[in-house]
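Student: Structure in structure tokens, see below.
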Amino acid sequence: MDDIRSSPDRELVDAVLANRPGAFERLVREYQGLCWHIIQRMVRHPEDARDLCQETFLRVHQCLHQYRYESALKSWIGRIAYTIALRHLQHKRIPLMESADGDMDEALIETIGDGFDLETACADEEAVRHLHAAIESLPPVQRTLLTLYYLEEMPIPEISRVTGLAGGTIKSHLFRSRLRLRGALETGTGVAA
Amino acid sequence: MIHDMNDEPVQPFDDAAREREWLAQETAMRRERLHLDPHHDDARTQRYRMLARALRQAPEENLPPDFARQLAVQVGPVRRASSDARIELALIVLPGIALVVGLIVVTMLYGSNWLSPMFALSQPIVASWHLLLPFVACIVFTGLLARVRPSARKH
């Protein structure tokens, strides 16, 4: 906790709370990418995502005095963005994630072959499009976990702090999503949500 | 137990085949992140690396370039203590004040009934304090002696 308390997070939070000119704008600039990635991957609707990003930072502005440095500021803000996006999806009754199916995983591990030509696949724009479509067709939570793990390069414990999911659950979701995307890449089909 | 990319502990899967597949996924992600030569990778790693490349791409849509500035103008200065914090403070302070006031009122109304017996009861305790003095003196003396003895040995 000492490293968090003495980190740039502390300076930034103190500056915002002291109403120093430009401090809140700096905070937004610093974390708008993270919020956008989380919310956009969750809701997949640009206008809604923009509104929810705005709502996230308004909440950050309102509650920053309650931030206790118990986690990195990035995780704290990410948690707010994730919660707001989650609530939005729940309000719209959109399924958030799929249940675990260990048997299906085993079947996929056994059936996916190794006949893969990387150069051909890379050159094949159709295959890349298929892959992106398969990523888009994943349920919102799985999609967001992959984004946090790959794009934001967050370790599993930090993703756990953002999403409130247990580390084992996150690992399981990442594993299953990647396995199914690998299968989609092989067969050139999308992944059912 | 294995470790993920940032050296945080992650519990392995119970099933060996799943764990092997997980490790292959992690290796491919690491190799893609480090831009290592893909020609030495097996087919499975190549596939997972292609997946990693797709997942590392940021969304094409983005927030407006002036999003941060507009938001900063919109919100204005931060209020250090918001209304809920003030309510929280009031909920702590007000019962305390009510308790103190109640205690003073009760003492003024009924104090004569129990204050004088309390003082009467405390007299023997006050009177017996002089018995504690030799005990305290013993402790102090022992402590001083313990400090003096080591220095005496040195000489």
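As shown in the structure tokens, the chain order sets the letters A, B, ...; within each chain, residues go from 1, and ligands are also counted from 1 in the order they appear.
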Return as number ranges by chain the residues belonging to chain A that are within 8 Å of chain B, counting only C-alpha atoms.
Tutor: A: 16-19, 22, 24-26, 28-29, 32, 36-37, 40, 46, 50, 54, 58, 61-62, 65, 105-106, 109, 114-118, 122, 128, 131-132, 146-147, 150-151, 155-157, 167-168, 175, 178, 181-182, 185
Student: Any chance you could list, as a short mmCIF file (atom, residue, chain, number, x, y, z; two decimals) with N, CA and C atoms, in the first residue's frame, the residues in chain B that come up helix (DSSP H, G or I) when DSSP is run on the backbone?
Tutor:
data_model
loop_
_atom_site.label_atom_id
_atom_site.label_comp_id
_atom_site.auth_asym_id
_atom_site.auth_seq_id
_atom_site.Cartn_x
_atom_site.Cartn_y
_atom_site.Cartn_z
N ALA B 16 -5.08 -32.00 -16.32
CA ALA B 16 -3.75 -31.79 -16.91
C ALA B 16 -3.83 -31.27 -18.34
N ALA B 17 -4.80 -31.77 -19.13
CA ALA B 17 -4.92 -31.35 -20.53
C ALA B 17 -5.30 -29.87 -20.62
N ARG B 18 -6.20 -29.44 -19.74
CA ARG B 18 -6.60 -28.03 -19.73
C ARG B 18 -5.41 -27.16 -19.33
N GLU B 19 -4.66 -27.61 -18.34
CA GLU B 19 -3.51 -26.83 -17.87
C GLU B 19 -2.45 -26.70 -18.97
N ARG B 20 -2.24 -27.79 -19.73
CA ARG B 20 -1.28 -27.73 -20.85
C ARG B 20 -1.73 -26.72 -21.90
N GLU B 21 -3.04 -26.74 -22.18
CA GLU B 21 -3.59 -25.81 -23.18
C GLU B 21 -3.46 -24.37 -22.67
N TRP B 22 -3.73 -24.17 -21.37
CA TRP B 22 -3.60 -22.84 -20.78
C TRP B 22 -2.16 -22.33 -20.90
N LEU B 23 -1.21 -23.19 -20.61
CA LEU B 23 0.20 -22.80 -20.70
C LEU B 23 0.58 -22.45 -22.14
N ALA B 24 0.00 -23.18 -23.09
CA ALA B 24 0.25 -22.87 -24.51
C ALA B 24 -0.32 -21.50 -24.85
N GLN B 25 -1.49 -21.20 -24.32
CA GLN B 25 -2.10 -19.88 -24.56
C GLN B 25 -1.23 -18.77 -23.97
N GLU B 26 -0.73 -19.02 -22.75
CA GLU B 26 0.09 -18.00 -22.08
C GLU B 26 1.42 -17.79 -22.82
N THR B 27 2.01 -18.89 -23.25
CA THR B 27 3.29 -18.80 -23.97
C THR B 27 3.11 -18.00 -25.26
N ALA B 28 2.03 -18.29 -25.97
CA ALA B 28 1.79 -17.59 -27.24
C ALA B 28 1.58 -16.10 -26.98
N MET B 29 0.84 -15.77 -25.92
CA MET B 29 0.60 -14.35 -25.60
C MET B 29 1.93 -13.66 -25.30
N ARG B 30 2.77 -14.35 -24.51
CA ARG B 30 4.06 -13.76 -24.12
C ARG B 30 4.95 -13.57 -25.36
N ARG B 31 4.98 -14.57 -26.24
CA ARG B 31 5.82 -14.49 -27.43
C ARG B 31 5.34 -13.38 -28.37
N GLU B 32 4.03 -13.20 -28.45
CA GLU B 32 3.49 -12.15 -29.31
C GLU B 32 3.79 -10.77 -28.72
N ARG B 33 3.67 -10.68 -27.39
CA ARG B 33 3.93 -9.41 -26.72
C ARG B 33 5.40 -8.99 -26.89
N PRO B 38 8.07 -15.71 -35.19
CA PRO B 38 7.02 -16.74 -35.20
C PRO B 38 7.40 -18.02 -35.94
N HIS B 39 8.49 -17.99 -36.67
CA HIS B 39 8.81 -19.16 -37.49
C HIS B 39 9.26 -20.36 -36.66
N HIS B 40 9.62 -20.13 -35.40
CA HIS B 40 10.01 -21.25 -34.54
C HIS B 40 8.81 -21.79 -33.75
N ALA B 43 2.17 -25.03 -34.60
CA ALA B 43 0.91 -24.56 -35.19
C ALA B 43 -0.04 -23.98 -34.15
N ARG B 44 -0.09 -24.62 -32.98
CA ARG B 44 -1.00 -24.14 -31.94
C ARG B 44 -0.58 -22.75 -31.45
N THR B 45 0.72 -22.57 -31.23
CA THR B 45 1.23 -21.28 -30.78
C THR B 45 0.96 -20.21 -31.84
N GLN B 46 1.16 -20.56 -33.10
CA GLN B 46 0.90 -19.60 -34.19
C GLN B 46 -0.55 -19.14 -34.17
N ARG B 47 -1.44 -20.08 -33.92
CA ARG B 47 -2.86 -19.75 -33.91
C ARG B 47 -3.19 -18.81 -32.75
N TYR B 48 -2.65 -19.15 -31.58
CA TYR B 48 -2.89 -18.30 -30.41
C TYR B 48 -2.21 -16.93 -30.55
N ARG B 49 -1.09 -16.90 -31.26
CA ARG B 49 -0.43 -15.60 -31.48
C ARG B 49 -1.26 -14.72 -32.41
N MET B 50 -1.88 -15.34 -33.39
CA MET B 50 -2.75 -14.57 -34.30
C MET B 50 -3.94 -14.01 -33.52
N LEU B 51 -4.43 -14.83 -32.61
CA LEU B 51 -5.52 -14.41 -31.75
C LEU B 51 -5.07 -13.23 -30.85
N ALA B 52 -3.86 -13.35 -30.31
CA ALA B 52 -3.31 -12.28 -29.46
C ALA B 52 -3.21 -10.97 -30.22
N ARG B 53 -2.77 -11.08 -31.48
CA ARG B 53 -2.64 -9.87 -32.31
C ARG B 53 -4.00 -9.19 -32.49
N ALA B 54 -5.01 -9.99 -32.72
CA ALA B 54 -6.36 -9.43 -32.90
C ALA B 54 -6.88 -8.80 -31.62
N LEU B 55 -6.58 -9.45 -30.48
CA LEU B 55 -7.09 -8.96 -29.20
C LEU B 55 -6.35 -7.72 -28.72
N PHE B 67 -12.64 15.19 -25.35
CA PHE B 67 -13.51 14.61 -24.33
C PHE B 67 -13.10 15.07 -22.91
N ALA B 68 -11.81 14.98 -22.63
CA ALA B 68 -11.32 15.30 -21.28
C ALA B 68 -11.54 16.78 -20.95
N ARG B 69 -11.24 17.64 -21.93
CA ARG B 69 -11.38 19.08 -21.68
C ARG B 69 -12.84 19.45 -21.45
N GLN B 70 -13.71 18.91 -22.31
CA GLN B 70 -15.15 19.21 -22.19
C GLN B 70 -15.71 18.76 -20.85
N LEU B 71 -15.27 17.59 -20.43
CA LEU B 71 -15.75 17.04 -19.17
C LEU B 71 -15.26 17.88 -17.99
N ALA B 72 -13.99 18.31 -18.06
CA ALA B 72 -13.42 19.13 -16.99
C ALA B 72 -14.17 20.45 -16.87
N VAL B 73 -14.53 21.03 -18.01
CA VAL B 73 -15.29 22.29 -18.01
C VAL B 73 -16.68 22.05 -17.41
N GLN B 74 -17.26 20.92 -17.76
CA GLN B 74 -18.63 20.60 -17.33
C GLN B 74 -18.73 20.39 -15.82
N VAL B 75 -17.74 19.73 -15.22
CA VAL B 75 -17.89 19.37 -13.81
C VAL B 75 -17.50 20.47 -12.84
N SER B 83 -22.27 15.62 0.04
CA SER B 83 -23.37 15.61 0.98
C SER B 83 -23.42 14.32 1.80
N ASP B 84 -23.08 13.17 1.15
CA ASP B 84 -23.14 11.91 1.90
C ASP B 84 -22.08 11.86 2.99
N ALA B 85 -20.93 12.49 2.73
CA ALA B 85 -19.89 12.54 3.76
C ALA B 85 -20.34 13.40 4.93
N ARG B 86 -21.05 14.48 4.60
CA ARG B 86 -21.55 15.36 5.67
C ARG B 86 -22.60 14.63 6.52
N ILE B 87 -23.45 13.84 5.84
CA ILE B 87 -24.47 13.07 6.57
C ILE B 87 -23.79 12.06 7.50
N GLU B 88 -22.72 11.43 6.96
CA GLU B 88 -21.98 10.44 7.75
C GLU B 88 -21.40 11.09 9.01
N LEU B 89 -20.84 12.30 8.83
CA LEU B 89 -20.25 13.03 9.96
C LEU B 89 -21.33 13.39 10.97
N ALA B 90 -22.47 13.87 10.45
CA ALA B 90 -23.58 14.25 11.34
C ALA B 90 -24.08 13.04 12.13
N LEU B 91 -24.12 11.88 11.48
CA LEU B 91 -24.59 10.67 12.15
C LEU B 91 -23.65 10.21 13.25
N ILE B 92 -22.39 10.62 13.16
CA ILE B 92 -21.44 10.28 14.21
C ILE B 92 -21.50 11.31 15.34
N VAL B 93 -21.52 12.60 14.97
CA VAL B 93 -21.40 13.68 15.95
C VAL B 93 -22.70 13.88 16.74
N LEU B 94 -23.84 13.88 16.06
CA LEU B 94 -25.11 14.19 16.74
C LEU B 94 -25.46 13.21 17.87
N PRO B 95 -25.35 11.90 17.67
CA PRO B 95 -25.63 11.01 18.80
C PRO B 95 -24.67 11.24 19.97
N GLY B 96 -23.41 11.59 19.66
CA GLY B 96 -22.43 11.88 20.71
C GLY B 96 -22.87 13.07 21.54
N ILE B 97 -23.30 14.14 20.85
CA ILE B 97 -23.76 15.35 21.56
C ILE B 97 -24.99 15.00 22.40
N ALA B 98 -25.93 14.24 21.81
CA ALA B 98 -27.16 13.86 22.53
C ALA B 98 -26.81 13.05 23.78
N LEU B 99 -25.81 12.19 23.68
CA LEU B 99 -25.40 11.36 24.82
C LEU B 99 -24.84 12.23 25.95
N VAL B 100 -23.98 13.17 25.61
CA VAL B 100 -23.36 14.04 26.61
C VAL B 100 -24.42 14.90 27.29
N VAL B 101 -25.33 15.47 26.48
CA VAL B 101 -26.40 16.32 27.04
C VAL B 101 -27.28 15.49 27.98
N GLY B 102 -27.62 14.28 27.54
CA GLY B 102 -28.45 13.39 28.36
C GLY B 102 -27.77 13.06 29.67
N LEU B 103 -26.46 12.82 29.61
CA LEU B 103 -25.69 12.49 30.81
C LEU B 103 -25.71 13.66 31.81
N ILE B 104 -25.55 14.88 31.30
CA ILE B 104 -25.56 16.07 32.18
C ILE B 104 -26.93 16.22 32.83
N VAL B 105 -27.99 16.04 32.03
CA VAL B 105 -29.36 16.21 32.55
C VAL B 105 -29.65 15.16 33.63
N VAL B 106 -29.27 13.91 33.36
CA VAL B 106 -29.51 12.83 34.32
C VAL B 106 -28.73 13.08 35.61
N THR B 107 -27.50 13.54 35.47
CA THR B 107 -26.68 13.83 36.65
C THR B 107 -27.30 14.94 37.49
N MET B 108 -27.82 15.98 36.79
CA MET B 108 -28.43 17.11 37.52
C MET B 108 -29.70 16.66 38.23
N LEU B 109 -30.48 15.78 37.60
CA LEU B 109 -31.77 15.37 38.19
C LEU B 109 -31.60 14.33 39.29
N TYR B 110 -30.76 13.32 39.03
CA TYR B 110 -30.70 12.19 39.97
C TYR B 110 -29.33 12.02 40.62
N GLY B 111 -28.42 12.94 40.33
CA GLY B 111 -27.04 12.79 40.80
C GLY B 111 -26.94 12.67 42.32
N SER B 112 -27.78 13.43 43.02
CA SER B 112 -27.67 13.43 44.49
C SER B 112 -27.93 12.03 45.06
N ASN B 113 -28.72 11.23 44.34
CA ASN B 113 -29.05 9.89 44.86
C ASN B 113 -27.87 8.92 44.81
N TRP B 114 -27.02 9.05 43.79
CA TRP B 114 -25.95 8.06 43.66
C TRP B 114 -24.53 8.61 43.70
N LEU B 115 -24.40 9.95 43.62
CA LEU B 115 -23.03 10.49 43.65
C LEU B 115 -22.42 10.36 45.05
N SER B 116 -23.22 10.72 46.10
CA SER B 116 -22.67 10.66 47.45
C SER B 116 -22.33 9.22 47.88
N PRO B 117 -23.18 8.20 47.57
CA PRO B 117 -22.75 6.83 47.90
C PRO B 117 -21.49 6.41 47.16
N MET B 118 -21.37 6.89 45.91
CA MET B 118 -20.16 6.55 45.14
C MET B 118 -18.91 7.12 45.79
N PHE B 119 -19.01 8.39 46.21
CA PHE B 119 -17.86 9.01 46.88
C PHE B 119 -17.51 8.26 48.16
N ALA B 120 -18.60 7.86 48.89
CA ALA B 120 -18.39 7.13 50.14
C ALA B 120 -17.68 5.80 49.88
N LEU B 121 -18.06 5.14 48.79
CA LEU B 121 -17.44 3.86 48.46
C LEU B 121 -15.97 4.02 48.04
N SER B 122 -15.69 5.16 47.40
CA SER B 122 -14.32 5.36 46.88
C SER B 122 -13.34 5.75 47.98
N GLN B 123 -13.81 6.17 49.14
CA GLN B 123 -12.91 6.61 50.22
C GLN B 123 -11.90 5.52 50.63
N PRO B 124 -12.37 4.27 50.89
CA PRO B 124 -11.40 3.23 51.27
C PRO B 124 -10.34 2.99 50.21
N ILE B 125 -10.74 3.10 48.96
CA ILE B 125 -9.77 2.88 47.86
C ILE B 125 -8.69 3.95 47.89
N VAL B 126 -9.14 5.20 48.08
CA VAL B 126 -8.18 6.32 48.14
C VAL B 126 -7.27 6.13 49.35
N ALA B 127 -7.89 5.70 50.48
CA ALA B 127 -7.11 5.54 51.70
C ALA B 127 -6.06 4.43 51.56
N TRP B 129 -4.31 3.69 48.93
CA TRP B 129 -3.29 3.98 47.92
C TRP B 129 -1.87 3.96 48.50
N HIS B 130 -1.75 4.39 49.80
CA HIS B 130 -0.40 4.46 50.37
C HIS B 130 0.24 3.07 50.44
N LEU B 131 -0.63 1.99 50.39
CA LEU B 131 -0.08 0.63 50.40
C LEU B 131 0.57 0.28 49.05
N LEU B 132 0.12 0.97 48.02
CA LEU B 132 0.69 0.70 46.69
C LEU B 132 2.09 1.33 46.52
N LEU B 133 2.36 2.36 47.31
CA LEU B 133 3.63 3.10 47.12
C LEU B 133 4.86 2.20 47.29
N PRO B 134 4.94 1.36 48.32
CA PRO B 134 6.13 0.47 48.42
C PRO B 134 6.25 -0.46 47.22
N PHE B 135 5.09 -0.92 46.71
CA PHE B 135 5.10 -1.82 45.55
C PHE B 135 5.69 -1.12 44.31
N VAL B 136 5.23 0.11 44.07
CA VAL B 136 5.74 0.90 42.94
C VAL B 136 7.22 1.18 43.13
N ALA B 137 7.62 1.49 44.38
CA ALA B 137 9.02 1.78 44.68
C ALA B 137 9.89 0.55 44.38
N CYS B 138 9.38 -0.63 44.72
CA CYS B 138 10.11 -1.87 44.43
C CYS B 138 10.37 -2.04 42.94
N ILE B 139 9.33 -1.80 42.13
CA ILE B 139 9.45 -1.95 40.67
C ILE B 139 10.48 -0.98 40.12
N VAL B 140 10.39 0.28 40.56
CA VAL B 140 11.32 1.31 40.08
C VAL B 140 12.75 0.94 40.48
N PHE B 141 12.92 0.53 41.74
CA PHE B 141 14.25 0.19 42.26
C PHE B 141 14.85 -0.98 41.45
N THR B 142 14.00 -2.02 41.18
CA THR B 142 14.48 -3.18 40.41
C THR B 142 14.92 -2.77 39.02
N GLY B 143 14.14 -1.90 38.41
CA GLY B 143 14.46 -1.42 37.06
C GLY B 143 15.77 -0.66 37.04
N LEU B 144 15.97 0.20 38.03
CA LEU B 144 17.22 0.99 38.10
C LEU B 144 18.42 0.08 38.33
N LEU B 145 18.22 -0.91 39.19
CA LEU B 145 19.29 -1.85 39.50
C LEU B 145 19.73 -2.63 38.26
N ALA B 146 18.74 -3.01 37.45
CA ALA B 146 19.04 -3.75 36.22
C ALA B 146 19.86 -2.91 35.26
N ARG B 147 19.64 -1.60 35.26
CA ARG B 147 20.40 -0.71 34.37
C ARG B 147 21.82 -0.48 34.91
N VAL B 148 21.91 -0.39 36.23
CA VAL B 148 23.21 -0.08 36.83
C VAL B 148 24.15 -1.27 36.73
N ARG B 149 23.67 -2.49 36.96
CA ARG B 149 24.52 -3.69 37.03
C ARG B 149 25.36 -3.95 35.79
N PRO B 150 24.76 -3.91 34.58
CA PRO B 150 25.62 -4.15 33.39
C PRO B 150 26.74 -3.16 33.28
N SER B 151 26.47 -1.87 33.58
CA SER B 151 27.54 -0.86 33.47
C SER B 151 28.61 -1.13 34.50
N ALA B 152 28.21 -1.62 35.73
CA ALA B 152 29.19 -1.93 36.76
C ALA B 152 30.12 -3.07 36.32
N ARG B 153 29.53 -4.07 35.61
CA ARG B 153 30.33 -5.21 35.13
C ARG B 153 31.40 -4.77 34.14
N LYS B 154 31.03 -3.80 33.29
CA LYS B 154 32.00 -3.33 32.28
C LYS B 154 33.23 -2.76 32.95
#
Student: What is the atom CA of Arg44 of chain A-atom CA of Gln90 of chain A distance in Å, reported with one decimal?
Tutor: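 Interatomic distance, atom CA of Arg44 of chain A to atom CA of Gln90 of chain A: 14.2 Å.
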